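First the structure, in the form of structure tokens, and then the observations on it.
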Amino acid sequence: MNKSLLIILVLGAVYVLYKLYQRKHIAPDLEQLVADGAVILDVRTGPEYASGHIENSINISLGEIRERYVELDTGKTYITCCSHGLRSIKVRNLLRERGFKKVYNGGTWHDLEKIIRESKSPNK
């Protein structure tokens with residue numbers, strides 16, 4: 001087997017495993033959570049957020065969340081999102097450790113935005 005094909009196969013396997021891991025950690029019923037008023041918490045950096053984000057989301061980066069989580073209301077429902085879905089898992093876990101009961105991982109902000117857009121579609 002040539003080296004290029006092996007590299008492609010390994011990268012493909014890593015990607016599939018990453019996607020499976022990500023899917024396991026994304027909350028079910030995101031549409032309903034959004035419909036019920038969940039707050040979208042984008043945990044990317046400021047420049048990432050500025051380059052595009054979900055309308056009305058709030059931005060507190062993973063690097064700032066340990067200090068700024070006190071700005072959030074433990075009684076509200078939050079859906080975390082980021083660029084690849086890994087930082088959002090970390091923030092979900094961190095907030096749960098700090099007493100937040102209703103915090104869910106929404107995965108990537110692009111995927112979550114699509115879910116929100118489709119849930120507002122008149123064809124639904």
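Going through the structure tokens in order, the chains are called A, B, and so on, while each chain numbers its residues from 1 and the ligands are numbered from 1 in the order shown.
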
- Got a sec: who's within 8 Å of Tyr78 in chain A, counting only C-alpha atoms, leaving out chain neighbours fewer than 2 positions off, as a VMD selection string? chain A and resid 38 to 41 76 80 102 to 104

- Looking only at the backbone, which of the residues in chain A does DSSP tag as strand (DSSP E), as a PyMOL selection string? chain A and resi 39-42+58-59+78-82+103-108

For C-alpha atoms, I'd like the residues from the last selection saved as a PDB file, in the first residue's frame.
```
ATOM      1  CA  VAL A  39     -29.801  30.846  25.349  1.00  0.00           C
ATOM      2  CA  ILE A  40     -27.096  30.089  22.787  1.00  0.00           C
ATOM      3  CA  LEU A  41     -23.663  30.362  24.420  1.00  0.00           C
ATOM      4  CA  ASP A  42     -20.903  30.579  21.815  1.00  0.00           C
ATOM      5  CA  ILE A  58     -23.813  35.418  23.692  1.00  0.00           C
ATOM      6  CA  ASN A  59     -20.068  34.995  23.532  1.00  0.00           C
ATOM      7  CA  TYR A  78     -28.061  27.157  27.748  1.00  0.00           C
ATOM      8  CA  ILE A  79     -26.882  25.495  24.557  1.00  0.00           C
ATOM      9  CA  THR A  80     -23.125  25.705  24.059  1.00  0.00           C
ATOM     10  CA  CYS A  81     -21.521  25.817  20.629  1.00  0.00           C
ATOM     11  CA  CYS A  82     -18.102  26.425  19.084  1.00  0.00           C
ATOM     12  CA  VAL A 103     -26.862  23.234  29.872  1.00  0.00           C
ATOM     13  CA  TYR A 104     -26.553  21.248  26.651  1.00  0.00           C
ATOM     14  CA  ASN A 105     -23.964  20.812  23.929  1.00  0.00           C
ATOM     15  CA  GLY A 106     -25.118  22.105  20.549  1.00  0.00           C
ATOM     16  CA  GLY A 107     -21.952  21.130  18.670  1.00  0.00           C
ATOM     17  CA  THR A 108     -20.707  23.455  15.956  1.00  0.00           C
TER      18      THR A 108
END
```

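Computed from the coordinates, the CA of Glu113 in chain A to CA of Glu55 in chain A distance equals 8.6 Å.
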
- Item | Members of range 82-118 of chain A assigned alpha helix (DSSP H) by DSSP, as a ChimeraX atom specification | /A:86-97,109-118

- Message: Rounded to one decimal, what separation in Å do you get between CA of Gly85 in chain A and CA of Tyr69 in chain A?
- Response: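 Result for CA of Gly85 in chain A versus CA of Tyr69 in chain A: 19.0 Å, one decimal.
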
- All residues 10 Å or closer to Phe100 in chain A, only C-alpha atoms, same chain fewer than 5 positions away omitted, as a ChimeraX atom specification: /A:69,72-78,92-95

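Proximity ranking of A:Ile60, A:Ala35, A:Ala50, A:Val43 relative to Lys120 in chain A places A:Ala35 first, based on only C-alpha atoms.
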
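One finds CA of Leu112 in chain A at 16.0 Å from CA of Val91 in chain A.
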